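A.B. asks: File name query.txt; file contents compact mmCIF, C-alpha atoms and all ligand atoms; full text below.
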```txt
# COMPACT_ATOMS: atom_id res chain seq x y z
CA MET R 1 47.62 133.48 50.00
CA PRO R 2 49.77 132.42 52.96
CA MET R 3 52.93 134.53 53.75
CA SER R 4 52.57 137.89 52.03
CA GLU R 5 54.51 138.59 48.86
CA HIS R 6 55.96 141.61 50.54
CA PHE R 7 57.36 139.56 53.44
CA GLU R 8 58.67 136.96 51.01
CA ARG R 9 60.36 139.60 48.83
CA ARG R 10 62.18 140.99 51.84
CA LEU R 11 63.07 137.68 53.47
CA GLU R 12 64.10 135.44 50.57
CA PRO R 13 67.22 137.39 49.50
CA ILE R 14 68.67 137.40 53.02
CA LEU R 15 67.40 134.07 54.31
CA ALA R 16 70.53 132.00 53.65
CA GLU R 17 72.65 134.57 55.47
CA VAL R 18 70.19 134.79 58.36
CA ALA R 19 70.18 130.99 58.69
CA GLU R 20 73.96 130.93 58.57
CA HIS R 21 74.28 133.66 61.21
CA PHE R 22 71.62 132.53 63.69
CA GLY R 23 71.47 128.81 62.88
CA THR R 24 68.23 126.91 62.29
CA PRO R 25 65.46 126.41 63.22
CA PHE R 26 63.85 129.77 63.99
CA HIS R 27 60.56 131.58 63.76
CA ILE R 28 61.03 134.91 62.03
CA TYR R 29 58.43 137.67 62.20
CA ASP R 30 57.86 140.61 59.90
CA GLU R 31 57.43 143.89 61.78
CA GLN R 32 56.13 145.66 58.69
CA GLY R 33 53.51 142.98 58.04
CA MET R 34 52.20 143.13 61.61
CA LEU R 35 51.93 146.88 61.47
CA ALA R 36 50.09 146.65 58.16
CA SER R 37 47.52 144.34 59.82
CA VAL R 38 47.10 146.77 62.72
CA GLU R 39 46.61 149.55 60.20
CA ARG R 40 44.02 147.58 58.18
CA LEU R 41 42.03 146.71 61.29
CA SER R 42 42.10 150.28 62.63
CA ALA R 43 41.08 151.69 59.25
CA ALA R 44 38.19 149.22 58.97
CA PHE R 45 36.70 150.37 62.29
CA ALA R 46 37.68 154.03 62.05
CA THR R 47 34.07 155.26 62.14
CA LEU R 48 33.32 153.49 65.42
CA PRO R 49 34.44 153.76 69.00
CA PHE R 50 36.72 150.74 68.64
CA HIS R 51 39.63 149.13 70.43
CA GLU R 52 41.72 146.07 69.65
CA TYR R 53 43.24 144.10 72.51
CA PHE R 54 45.95 141.87 71.06
CA ALA R 55 45.58 138.29 72.31
CA VAL R 56 48.93 137.88 74.06
CA LYS R 57 48.62 134.08 73.89
CA ALA R 58 49.08 134.30 70.13
CA LEU R 59 52.61 135.69 70.26
CA PRO R 60 53.87 136.27 73.79
CA ASN R 61 57.15 137.88 72.85
CA LEU R 62 57.94 141.10 74.67
CA THR R 63 59.59 142.81 71.71
CA VAL R 64 56.54 142.19 69.54
CA LEU R 65 54.13 143.19 72.31
CA ARG R 66 56.01 146.45 72.81
CA ILE R 67 55.72 147.26 69.11
CA LEU R 68 51.99 146.53 69.10
CA ARG R 69 51.51 148.53 72.29
CA GLU R 70 53.41 151.48 70.80
CA HIS R 71 50.95 151.33 67.92
CA GLY R 72 48.01 151.66 70.26
CA LEU R 73 46.85 148.09 70.89
CA GLY R 74 45.62 146.95 74.28
CA MET R 75 46.54 143.50 75.59
CA GLU R 76 44.18 140.57 76.14
CA CYS R 77 45.58 138.25 78.80
CA SER R 78 44.45 134.97 80.28
CA SER R 79 47.12 134.11 82.84
CA ILE R 80 49.48 135.70 85.34
CA ALA R 81 52.42 135.34 82.96
CA GLU R 82 50.48 137.14 80.23
CA LEU R 83 49.46 139.89 82.67
CA GLU R 84 53.12 140.36 83.50
CA LEU R 85 54.04 140.51 79.83
CA ALA R 86 51.34 143.14 79.33
CA ALA R 87 52.68 145.16 82.26
CA ASP R 88 56.23 144.89 80.91
CA CYS R 89 55.16 146.25 77.55
CA GLY R 90 53.52 149.20 79.26
CA ALA R 91 49.83 148.19 79.21
CA ARG R 92 47.99 149.12 82.40
CA GLY R 93 44.42 149.56 83.65
CA GLU R 94 41.80 149.44 80.93
CA GLU R 95 44.44 148.71 78.30
CA VAL R 96 44.46 145.18 79.70
CA PHE R 97 41.52 142.83 79.17
CA PHE R 98 41.66 139.74 81.36
CA THR R 99 39.75 136.77 79.92
CA SER R 100 40.59 133.57 81.77
CA ASN R 101 38.49 130.51 82.46
CA ASN R 102 38.53 128.11 85.41
CA THR R 103 40.24 131.05 87.07
CA THR R 104 42.18 130.94 90.33
CA HIS R 105 42.11 133.42 93.17
CA ALA R 106 45.72 134.35 92.41
CA GLU R 107 44.90 135.11 88.78
CA PHE R 108 42.01 137.38 89.68
CA ALA R 109 44.19 139.10 92.29
CA ALA R 110 46.87 139.74 89.67
CA ALA R 111 44.31 141.14 87.22
CA LEU R 112 42.78 143.39 89.89
CA ALA R 113 46.25 144.59 90.91
CA THR R 114 46.82 145.98 87.41
CA ASP R 115 43.26 147.37 87.36
CA ALA R 116 42.54 145.38 84.21
CA ILE R 117 39.06 144.95 82.79
CA VAL R 118 38.04 141.63 84.30
CA ASN R 119 35.99 139.33 82.12
CA VAL R 120 34.33 136.70 84.31
CA ASP R 121 33.75 133.30 82.74
CA ASP R 122 31.40 131.65 85.24
CA ILE R 123 28.69 132.77 87.64
CA THR R 124 30.29 130.96 90.60
CA LEU R 125 33.43 133.04 90.19
CA ILE R 126 31.72 136.31 91.13
CA ASP R 127 31.84 135.60 94.83
CA LYS R 128 35.39 134.33 94.57
CA LEU R 129 36.70 137.62 93.19
CA PRO R 130 39.14 139.08 95.71
CA GLY R 131 37.89 142.60 94.93
CA VAL R 132 35.52 144.52 92.71
CA PRO R 133 36.92 145.29 89.27
CA SER R 134 36.72 148.92 88.09
CA VAL R 135 35.27 147.54 84.89
CA CYS R 136 33.64 144.11 84.86
CA SER R 137 32.52 142.00 81.97
CA PHE R 138 30.99 138.57 81.56
CA ARG R 139 31.67 136.02 78.86
CA PHE R 140 28.47 134.80 77.25
CA ASN R 141 27.96 131.32 75.85
CA PRO R 142 24.96 131.18 73.49
CA GLY R 143 24.60 127.38 73.69
CA PRO R 144 22.10 126.14 71.10
CA GLU R 145 21.62 129.63 69.64
CA ARG R 146 24.89 129.41 67.65
CA LEU R 147 26.77 126.67 65.83
CA GLY R 148 30.39 127.38 66.78
CA ASP R 149 33.10 125.78 64.68
CA ARG R 150 35.47 122.83 64.44
CA LEU R 151 38.20 124.43 66.55
CA ILE R 152 36.21 125.70 69.54
CA GLY R 153 33.36 123.23 69.02
CA SER R 154 29.66 123.75 69.51
CA PRO R 155 28.93 126.35 72.22
CA MET R 156 26.87 123.59 73.87
CA GLU R 157 30.09 121.65 74.42
CA ALA R 158 32.37 124.61 75.08
CA LYS R 159 33.62 125.13 78.63
CA PHE R 160 33.51 128.91 78.25
CA GLY R 161 31.05 131.50 79.41
CA LEU R 162 27.68 131.94 81.12
CA ARG R 163 24.36 130.63 79.89
CA ARG R 164 21.70 133.13 78.88
CA ASP R 165 19.62 132.35 81.97
CA GLN R 166 22.59 133.18 84.22
CA LEU R 167 23.48 136.54 82.74
CA GLN R 168 21.02 138.82 84.51
CA ASP R 169 21.76 137.34 87.93
CA ALA R 170 25.46 137.71 87.25
CA PHE R 171 25.23 141.41 86.38
CA ALA R 172 22.84 142.07 89.26
CA ARG R 173 25.18 140.33 91.72
CA MET R 174 28.21 142.25 90.48
CA ARG R 175 26.32 145.51 90.85
CA GLU R 176 25.32 144.51 94.36
CA LEU R 177 29.00 143.99 95.15
CA GLY R 178 29.73 147.54 94.02
CA ALA R 179 30.66 147.24 90.35
CA GLU R 180 29.57 150.25 88.32
CA ARG R 181 31.02 149.85 84.85
CA PHE R 182 30.17 146.87 82.66
CA GLY R 183 30.79 145.14 79.38
CA LEU R 184 29.90 141.87 77.67
CA HIS R 185 32.09 139.39 75.84
CA ALA R 186 31.61 136.41 73.53
CA MET R 187 33.92 134.41 71.30
CA ILE R 188 32.08 131.78 69.34
CA ALA R 189 34.43 130.66 66.60
CA SER R 190 38.04 130.68 65.56
CA ASN R 191 39.84 131.44 62.29
CA VAL R 192 36.65 132.78 60.73
CA SER R 193 37.15 133.83 57.13
CA THR R 194 33.73 135.35 56.39
CA VAL R 195 32.20 138.41 58.01
CA GLN R 196 28.79 136.89 58.68
CA PRO R 197 29.57 134.87 61.87
CA LEU R 198 31.47 137.80 63.38
CA LEU R 199 28.61 140.19 62.61
CA ALA R 200 26.19 137.67 64.10
CA THR R 201 28.22 137.79 67.33
CA ILE R 202 28.09 141.60 67.38
CA ALA R 203 24.32 141.55 66.73
CA MET R 204 23.86 138.96 69.48
CA LEU R 205 25.83 141.07 71.98
CA LEU R 206 23.87 144.20 71.06
CA ALA R 207 20.57 142.40 71.61
CA LEU R 208 21.80 141.30 75.03
CA GLU R 209 22.86 144.87 75.78
CA ASP R 210 19.32 145.98 75.06
CA GLY R 211 17.86 143.34 77.37
CA LEU R 212 20.24 144.21 80.22
CA SER R 213 19.40 147.88 79.86
CA ARG R 214 15.65 147.30 79.87
CA GLU R 215 15.57 144.70 82.59
CA LEU R 216 18.34 145.85 84.93
CA GLY R 217 18.98 149.41 83.84
CA ILE R 218 22.60 148.50 83.17
CA GLU R 219 24.30 150.31 80.31
CA LEU R 220 27.17 148.36 78.83
CA GLU R 221 30.22 150.47 78.03
CA PHE R 222 31.46 147.95 75.50
CA ILE R 223 30.81 144.72 73.75
CA ASN R 224 33.80 142.48 73.02
CA ALA R 225 33.33 140.14 70.07
CA GLY R 226 36.49 138.17 70.91
CA GLY R 227 39.22 137.01 68.59
CA GLY R 228 38.86 134.50 65.80
CA LEU R 229 39.42 136.78 62.80
CA GLY R 230 40.72 134.32 60.26
CA ILE R 231 43.71 134.22 57.96
CA PRO R 232 44.26 132.21 54.78
CA TYR R 233 46.50 129.27 55.66
CA ARG R 234 45.98 127.51 52.32
CA PRO R 235 46.75 129.14 48.97
CA THR R 236 43.09 128.58 48.05
CA ASP R 237 41.70 130.20 51.24
CA HIS R 238 40.10 133.63 51.13
CA SER R 239 41.24 136.52 53.30
CA LEU R 240 38.74 137.89 55.77
CA ASP R 241 37.40 141.16 54.38
CA VAL R 242 37.94 143.39 57.42
CA HIS R 243 36.73 146.42 55.52
CA ALA R 244 33.36 144.72 55.00
CA LEU R 245 33.44 143.61 58.64
CA GLY R 246 33.95 147.23 59.70
CA LEU R 247 31.10 148.43 57.47
CA GLY R 248 28.76 145.71 58.75
CA ALA R 249 29.68 146.41 62.37
CA ALA R 250 29.12 150.14 61.86
CA GLN R 251 25.66 149.46 60.45
CA LEU R 252 24.72 147.28 63.41
CA LEU R 253 26.06 149.67 66.01
CA LYS R 254 24.59 152.79 64.39
CA ALA R 255 21.19 151.09 64.09
CA HIS R 256 21.47 150.12 67.77
CA GLU R 257 22.30 153.72 68.66
CA GLU R 258 19.31 155.05 66.70
CA ARG R 259 17.01 152.56 68.37
CA THR R 260 18.30 152.84 71.95
CA GLY R 261 20.30 156.05 72.15
CA ARG R 262 23.28 154.03 73.36
CA LEU R 263 26.51 153.29 71.48
CA PRO R 264 28.72 150.82 73.33
CA LYS R 265 32.35 150.63 72.26
CA LEU R 266 33.28 147.66 70.11
CA PHE R 267 36.29 145.59 71.15
CA PHE R 268 38.05 142.75 69.39
CA GLU R 269 40.85 140.65 70.81
CA ALA R 270 42.33 139.26 67.62
CA GLY R 271 45.68 137.53 67.76
CA ARG R 272 46.01 135.49 64.58
CA TYR R 273 44.84 138.30 62.30
CA ILE R 274 47.49 140.68 63.62
CA THR R 275 50.59 138.47 63.64
CA GLY R 276 49.74 135.09 62.07
CA PRO R 277 50.74 135.71 58.45
CA SER R 278 53.80 137.70 59.54
CA GLY R 279 55.68 134.71 60.84
CA VAL R 280 57.46 131.75 59.26
CA LEU R 281 59.26 128.83 60.83
CA VAL R 282 62.52 128.27 58.98
CA THR R 283 63.88 124.76 59.29
CA ARG R 284 66.57 122.75 57.52
CA VAL R 285 66.20 119.32 55.98
CA ILE R 286 68.57 117.06 57.92
CA ASN R 287 67.56 113.60 56.65
CA ARG R 288 65.94 112.21 53.51
CA MET R 289 64.43 108.82 54.26
CA SER R 290 62.64 106.23 52.19
CA LYS R 291 60.36 103.97 54.27
CA TRP R 292 56.87 102.89 53.22
CA ARG R 293 56.59 106.55 52.32
CA GLU R 294 59.14 109.21 51.45
CA TYR R 295 60.19 111.42 54.39
CA ALA R 296 62.09 114.64 54.82
CA GLY R 297 63.30 114.97 58.41
CA VAL R 298 63.79 118.60 59.43
CA ASP R 299 65.52 120.18 62.42
CA ALA R 300 62.25 121.52 63.90
CA GLY R 301 59.23 119.53 65.02
CA ILE R 302 55.79 120.02 66.47
CA ALA R 303 57.43 121.07 69.74
CA ALA R 304 58.08 124.33 67.85
CA LEU R 305 54.72 124.48 66.06
CA LEU R 306 51.97 122.27 67.36
CA ARG R 307 49.04 123.30 65.22
CA THR R 308 49.28 120.64 62.50
CA ALA R 309 49.21 117.88 65.12
CA PHE R 310 46.73 119.50 67.47
CA TYR R 311 43.83 120.69 65.34
CA PRO R 312 41.95 118.59 62.84
CA ASP R 313 42.51 120.00 59.35
CA ALA R 314 45.15 122.51 60.44
CA TYR R 315 47.38 123.29 57.47
CA HIS R 316 50.60 125.24 57.14
CA HIS R 317 51.86 126.04 53.69
CA LEU R 318 55.42 124.94 53.02
CA THR R 319 57.86 126.33 50.50
CA LEU R 320 61.43 125.54 49.60
CA HIS R 321 63.82 128.45 49.89
CA GLY R 322 65.20 129.48 46.50
CA ASP R 323 62.78 127.27 44.58
CA HIS R 324 62.39 128.27 40.94
CA GLY R 325 60.33 125.30 39.85
CA GLU R 326 63.23 123.31 38.39
CA ARG R 327 62.99 120.32 40.74
CA PRO R 328 60.48 117.53 40.07
CA LEU R 329 57.57 117.30 42.48
CA GLN R 330 57.45 114.48 44.98
CA ARG R 331 54.79 113.36 47.46
CA ILE R 332 56.35 113.41 50.90
CA ASP R 333 55.85 113.68 54.68
CA VAL R 334 57.83 116.44 56.40
CA VAL R 335 58.63 115.31 59.93
CA GLY R 336 60.39 116.28 63.14
CA SER R 337 62.24 114.05 65.60
CA LEU R 338 59.64 113.37 68.32
CA CYS R 339 58.78 109.78 69.15
CA GLU R 340 55.25 110.52 68.00
CA ASN R 341 53.95 109.76 64.55
CA ASN R 342 51.91 112.96 64.46
CA ASP R 343 55.14 114.98 64.56
CA LYS R 344 54.53 116.08 60.97
CA PHE R 345 54.31 119.47 59.31
CA ALA R 346 53.02 118.02 56.06
CA ILE R 347 51.53 114.68 55.16
CA GLN R 348 51.71 113.33 51.62
CA ARG R 349 52.22 116.86 50.31
CA GLU R 350 53.51 117.46 46.77
CA LEU R 351 56.71 119.44 47.19
CA PRO R 352 59.78 120.02 45.07
CA GLU R 353 62.08 117.03 45.66
CA LEU R 354 63.73 117.89 48.97
CA ARG R 355 67.43 117.40 49.69
CA VAL R 356 69.50 117.39 52.86
CA GLY R 357 70.60 120.96 53.56
CA ASP R 358 67.52 122.59 52.01
CA LEU R 359 65.84 125.40 53.91
CA LEU R 360 62.08 125.06 54.25
CA LEU R 361 59.71 127.85 55.13
CA ILE R 362 56.63 126.86 57.11
CA HIS R 363 54.20 129.72 56.67
CA ASP R 364 51.84 131.59 58.99
CA THR R 365 53.50 130.76 62.28
CA GLY R 366 53.20 134.26 63.72
CA ALA R 367 50.27 133.33 65.98
CA HIS R 368 49.75 130.28 68.17
CA GLY R 369 53.07 129.01 66.81
CA LEU R 370 56.01 128.97 69.21
CA ALA R 371 53.52 130.05 71.89
CA MET R 372 52.08 126.51 71.87
CA GLY R 373 55.52 124.91 71.92
CA PHE R 374 56.48 122.32 74.49
CA ASN R 375 59.37 120.19 75.72
CA TYR R 376 58.25 116.59 75.34
CA ASN R 377 61.12 114.23 74.51
CA GLY R 378 63.55 116.88 75.72
CA ARG R 379 62.93 118.87 72.56
CA LEU R 380 63.83 122.50 73.05
CA ARG R 381 61.98 125.49 71.70
CA PRO R 382 63.77 127.39 68.95
CA GLN R 383 64.73 131.04 68.78
CA GLU R 384 62.59 133.91 67.52
CA LEU R 385 63.87 136.58 65.15
CA LEU R 386 62.34 139.83 64.00
CA LEU R 387 62.75 141.28 60.51
CA ARG R 388 62.64 144.97 61.29
CA VAL R 389 61.12 147.60 59.04
CA ASP R 390 64.67 148.82 58.24
CA GLY R 391 65.64 145.32 57.01
CA SER R 392 67.77 144.37 60.01
CA VAL R 393 67.19 141.02 61.70
CA GLU R 394 67.16 140.90 65.46
CA LEU R 395 67.17 138.00 67.92
CA ILE R 396 64.10 138.52 70.12
CA ARG R 397 64.10 135.20 71.98
CA ARG R 398 67.12 132.94 72.35
CA ARG R 399 66.83 129.22 71.70
CA GLU R 400 66.36 127.03 74.76
CA GLU R 401 69.36 125.12 76.10
CA VAL R 402 69.43 121.76 77.83
CA ARG R 403 71.13 122.67 81.11
CA ARG R 404 70.01 126.31 81.32
CA ASP R 405 66.33 125.73 80.54
CA TYR R 406 65.27 122.08 80.40
CA PHE R 407 67.08 121.34 83.67
CA ALA R 408 66.09 124.65 85.34
CA THR R 409 63.11 123.21 87.24
CA LEU R 410 65.17 120.26 88.43
CA GLN R 411 67.33 122.60 90.50
CA PHE R 412 65.59 123.46 93.76
CA GLU R 413 65.93 123.44 97.54
CA PRO R 414 65.23 119.94 98.91
CA ASP R 415 61.70 119.75 100.37
CA VAL R 416 60.51 116.44 101.83
CA LEU R 417 57.30 115.98 103.83
CA MET R 418 56.68 113.19 106.28
CA ALA R 419 52.88 113.50 106.57
CA ALA R 420 51.48 113.85 110.12
CA GLY R 421 50.74 110.47 111.66
CA GLU R 422 53.25 108.74 109.49
CA SER R 423 56.29 107.45 111.30
CA ALA R 424 59.49 106.91 109.48
CA ARG R 425 59.25 103.52 107.88
CA GLU R 426 62.03 101.17 107.17
CA PRO R 427 62.76 101.40 103.48
CA ILE R 428 61.29 98.43 101.68
CA VAL R 429 64.12 96.34 100.39
CA ALA R 430 63.42 93.57 97.95
CA GLN R 431 63.91 90.15 99.53
CA VAL R 432 66.30 88.06 97.56
CA SER R 433 66.28 84.43 98.54
C1 LIG Y 1 39.39 134.33 74.72
C2 LIG Y 1 40.23 134.43 73.50
N1 LIG Y 1 40.39 135.62 72.93
C3 LIG Y 1 41.13 135.78 71.82
C4 LIG Y 1 41.76 134.70 71.23
C5 LIG Y 1 42.58 134.94 69.99
O1 LIG Y 1 42.13 134.21 68.93
P1 LIG Y 1 42.72 134.46 67.48
O2 LIG Y 1 44.19 134.47 67.62
O3 LIG Y 1 42.22 133.35 66.68
O4 LIG Y 1 42.21 135.80 67.05
C6 LIG Y 1 41.61 133.42 71.77
C7 LIG Y 1 42.26 132.27 71.17
O5 LIG Y 1 42.37 131.19 71.66
C8 LIG Y 1 40.82 133.29 72.95
O6 LIG Y 1 40.66 132.09 73.52
```
What would you get if you wrote out this structure as structure tokens?
C.D. replies:
Amino acid sequence: MPMSEHFERRLEPILAEVAEHFGTPFHIYDEQGMLASVERLSAAFATLPFHEYFAVKALPNLTVLRILREHGLGMECSSIAELELAADCGARGEEVFFTSNNTTHAEFAAALATDAIVNVDDITLIDKLPGVPSVCSFRFNPGPERLGDRLIGSPMEAKFGLRRDQLQDAFARMRELGAERFGLHAMIASNVSTVQPLLATIAMLLALEDGLSRELGIELEFINAGGGLGIPYRPTDHSLDVHALGLGAAQLLKAHEERTGRLPKLFFEAGRYITGPSGVLVTRVINRMSKWREYAGVDAGIAALLRTAFYPDAYHHLTLHGDHGERPLQRIDVVGSLCENNDKFAIQRELPELRVGDLLLIHDTGAHGLAMGFNYNGRLRPQELLLRVDGSVELIRRREEVRRDYFATLQFEPDVLMAAGESAREPIVAQVS
């Protein structure tokens, strides 16, 4: 099921008042639901040396990050802004896992400054590192050995990670530069709902660990199987069985330990699994339109939640606040206001007949939701609210404003360059005869 019954039971009775108080649209997150996910994941891997690094890109809100940090999660970051968010929520050193790609000098420098674990995505980047990380990892791309998925694509076409034939040289070079502590990372697929592909990634990383130990004498301290733990977006989707994932992972790691005498720590960097189902985008119907199709225009658009327009087959469940099944069903497109025809949250979906003023809940927006928002067409990103465990609702990000935010980067000190060798030219004025 999308949005948990528990979240729904707590949100529905207060939603009208929340919408009245804060105005729409907004993403609202369920603290209790997120903590329940953290708990489930920790319990599933309790028998292993295990650590979860929350993928900051999924929900880069400081209040949420602080809660997750307080409950023991590390932070997986891929940019300077995310590193700063991690620092602000109190994650330092090995509690930060830095996985960027096409990385700049400045990004590496920022990661090294916080003493993060640095996960290097390409062999050419080793000699561009502005220092030697205390703990260094490489991202592996298995190419034809694995299938990948529709979101990330085939590993053969993915821009991430080192090929198998580059790995040994990479580790050897890092050791030559002075690195002493190592790990290995791979993320092959996204939103995976069965345990098998995730276990295959763990098995693959363990086999590589064995090879690196035999051939280079390098003992990996950890393997990081990435994010990609799936959630059910559609009512018919299955939940990922993290308990079974934990059991399967334990079997693989214990067998590896018996065979080799080594037990690397297992890391995940799940984002979606932790916060995805604990968020909804609440938006109001502002126009009902009959064109060649029926349309409900809402006061949010894909600038606040891009997934349905960005990924093939992405689906977000939609429900009508206060619906008790009394309205007839109608096939409809639910749309925002962008001048783009893919600005749609639902296409030809059967929903209770929608009316102007209705509140709609767009489910599972707690990960890669507002985080992927943008400003095209001068559309501003909405606010974020948090439904606390005690039932209170707190503003945790204000809505953007035109002058304060959209215009912010248009206010700057004048800076004009006349390139060397160029002399001031007469401005070209159109000749009018
Ligand atoms: C390197 C990396 N790690 C972790 C994640 C988190 O993925 P998810 O939120 O699906 O768990 C992503 C997602 O894009 C990623 O690129």
A.B. asks: Taking only C-alpha atoms and all ligand atoms into account, which residues are within 6 Å of ligand LIG 1 (chain Y), as a PDB file with C-alpha atoms, keeping the file's coordinate frame?
C.D. replies:
```pdb
ATOM      1  CA  ALA R  55      45.580 138.290  72.310  1.00  0.00           C
ATOM      2  CA  ALA R  58      49.080 134.300  70.130  1.00  0.00           C
ATOM      3  CA  THR R  99      39.750 136.770  79.920  1.00  0.00           C
ATOM      4  CA  SER R 190      38.040 130.680  65.560  1.00  0.00           C
ATOM      5  CA  ASN R 191      39.840 131.440  62.290  1.00  0.00           C
ATOM      6  CA  GLY R 226      36.490 138.170  70.910  1.00  0.00           C
ATOM      7  CA  GLY R 227      39.220 137.010  68.590  1.00  0.00           C
ATOM      8  CA  GLY R 228      38.860 134.500  65.800  1.00  0.00           C
ATOM      9  CA  LEU R 229      39.420 136.780  62.800  1.00  0.00           C
ATOM     10  CA  GLU R 269      40.850 140.650  70.810  1.00  0.00           C
ATOM     11  CA  ALA R 270      42.330 139.260  67.620  1.00  0.00           C
ATOM     12  CA  GLY R 271      45.680 137.530  67.760  1.00  0.00           C
ATOM     13  CA  ARG R 272      46.010 135.490  64.580  1.00  0.00           C
ATOM     14  CA  TYR R 273      44.840 138.300  62.300  1.00  0.00           C
TER      15      TYR R 273
END
```
A.B. asks: Hey, which of R:Glu39, R:Glu353, R:Ile202, R:Gly366 ends up closest to Gln251 (chain R)? Count all atoms listed in the file.
C.D. replies: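 Among the listed residues, R:Ile202 lies closest to Gln251 (chain R).
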A.B. asks: Name all residues at most 9 Å from Ser278 (chain R) (count only C-alpha atoms; drop same-chain ones fewer than 2 positions away) and give them as a list in words.
C.D. replies: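 Result of the neighbour search: Met3, Ser4, Phe7, Ile28, Tyr29, Asp30, Glu31, Gln32, Gly33, Met34, Ile274, Thr275, Gly276, Val280, His363, Asp364, Thr365, Gly366 and Ala367 of chain R.
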A.B. asks: Take CA of Phe222 (chain R) and CA of Met75 (chain R) and report the distance between them in Å, one decimal.
C.D. replies: 15.7 Å
A.B. asks: If you count all atoms listed in the file, which residues fall within 10 Å of region 160-176 of chain R, apart from same-chain ones fewer than 3 positions away, as a ChimeraX atom specification?
C.D. replies: /R:100-102,119-127,132-133,136-143,145,152,155-157,179-188,208,211-212,215-218
A.B. asks: Work out how far apart CA of Ala91 (chain R) and CA of Lys57 (chain R) are and give it in Å to one decimal.
C.D. replies: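 CA of Lys57 (chain R) lies 15.1 Å from CA of Ala91 (chain R).
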A.B. asks: Quick one: of R:Pro25, R:Gly178, R:Gly261, R:Pro13, who's nearest to Ala303 (chain R), counting all atoms listed in the file?
C.D. replies: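 Of R:Pro25, R:Gly178, R:Gly261, R:Pro13, the one nearest Ala303 (chain R), counting all atoms listed in the file, is R:Pro25.
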A.B. asks: Which of these, R:Val56, R:Leu386, R:Val195, R:Met204, has the shortest distance to Met372 (chain R) once you count all atoms listed in the file?
C.D. replies: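 Counting all atoms listed in the file, the residue closest to Met372 (chain R) is R:Val56.
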A.B. asks: Would you kindly return, as a list of chain:residue names, each protein, DNA or RNA residue with an atom no farther than 8 Å from any atom of Glu384 (chain R), considering all atoms listed in the file and excluding same-chain residues fewer than 4 positions away?
C.D. replies: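 Selected residues are R:Phe26, R:His27, R:Ile28, R:Tyr29, R:Leu395, R:Ile396, R:Arg397, R:Arg398, R:Arg399.
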A.B. asks: What gap, in Å, lies between CA of Ile347 (chain R) and CA of Arg9 (chain R)?
C.D. replies: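 If I compute the distance from CA of Ile347 (chain R) to CA of Arg9 (chain R), I get 27.2 Å.
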A.B. asks: Considering only C-alpha atoms, state which residue in the set R:His105, R:Lys344, R:Arg66, R:His238 is at the smallest distance from Leu129 (chain R).
C.D. replies: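 The answer is R:His105, which sits nearest to Leu129 (chain R).
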A.B. asks: Which one is closest to His324 (chain R): R:Leu305, R:Pro352, R:His243, R:Ala371? Count all atoms listed in the file.
C.D. replies: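 Checking each candidate against His324 (chain R), we get R:Pro352 as the closest.
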A.B. asks: If you count all atoms listed in the file, which residues fall within 8 Å of His317 (chain R), apart from same-chain ones fewer than 5 positions away, as a PyMOL selection string?
C.D. replies: chain R and resi 2+233-235+362-364
A.B. asks: Tell me, as number ranges by chain, which residues lie within 10 Å of Glu401 (chain R), counting only C-alpha atoms; anything in the same chain fewer than 2 positions away does not count.
C.D. replies: R: 379-382, 398-399, 403-408
A.B. asks: Can you list every residue of region 341-394 of chain R that has an atom at most 12 Å from region 296-301 of chain R, with its nearest atom pair and the distance in Å to one decimal, using all atoms listed in the file, ordered by chain then number, as CSV?
C.D. replies:
```
residue,atom,partner,partner_atom,distance
R:Asn341,CA,R:Gly301,CA,11.1
R:Asn342,CA,R:Gly301,CA,9.9
R:Asp343,CA,R:Gly301,CA,6.1
R:Lys344,CA,R:Gly301,CA,7.1
R:Phe345,CA,R:Gly301,CA,7.5
R:Ala346,CA,R:Ala296,CA,9.8
R:Ile347,CA,R:Ala296,CA,10.6
R:Gln348,CA,R:Ala296,CA,10.9
R:Arg349,CA,R:Ala296,CA,11.1
R:Leu351,CA,R:Ala296,CA,10.5
R:Pro352,CA,R:Ala296,CA,11.4
R:Glu353,CA,R:Ala296,CA,9.5
R:Leu354,CA,R:Ala296,CA,6.9
R:Arg355,CA,R:Ala296,CA,7.9
R:Val356,CA,R:Ala296,CA,8.1
R:Gly357,CA,R:Val298,CA,9.3
R:Asp358,CA,R:Val298,CA,9.2
R:Leu359,CA,R:Val298,CA,9.0
R:Leu360,CA,R:Val298,CA,8.5
R:Leu361,CA,R:Val298,CA,11.0
R:Ile362,CA,R:Ala300,CA,10.3
R:Gly369,CA,R:Gly301,CA,11.4
R:Leu370,CA,R:Gly301,CA,10.8
R:Gly373,CA,R:Gly301,CA,9.5
R:Phe374,CA,R:Gly301,CA,10.2
R:Asn375,CA,R:Gly301,CA,10.7
R:Tyr376,CA,R:Gly301,CA,10.8
R:Asn377,CA,R:Gly301,CA,11.0
R:Gly378,CA,R:Gly301,CA,11.8
R:Arg379,CA,R:Gly301,CA,8.4
R:Leu380,CA,R:Ala300,CA,9.3
R:Arg381,CA,R:Ala300,CA,8.8
R:Pro382,CA,R:Ala300,CA,7.9
R:Gln383,CA,R:Ala300,CA,11.0
```
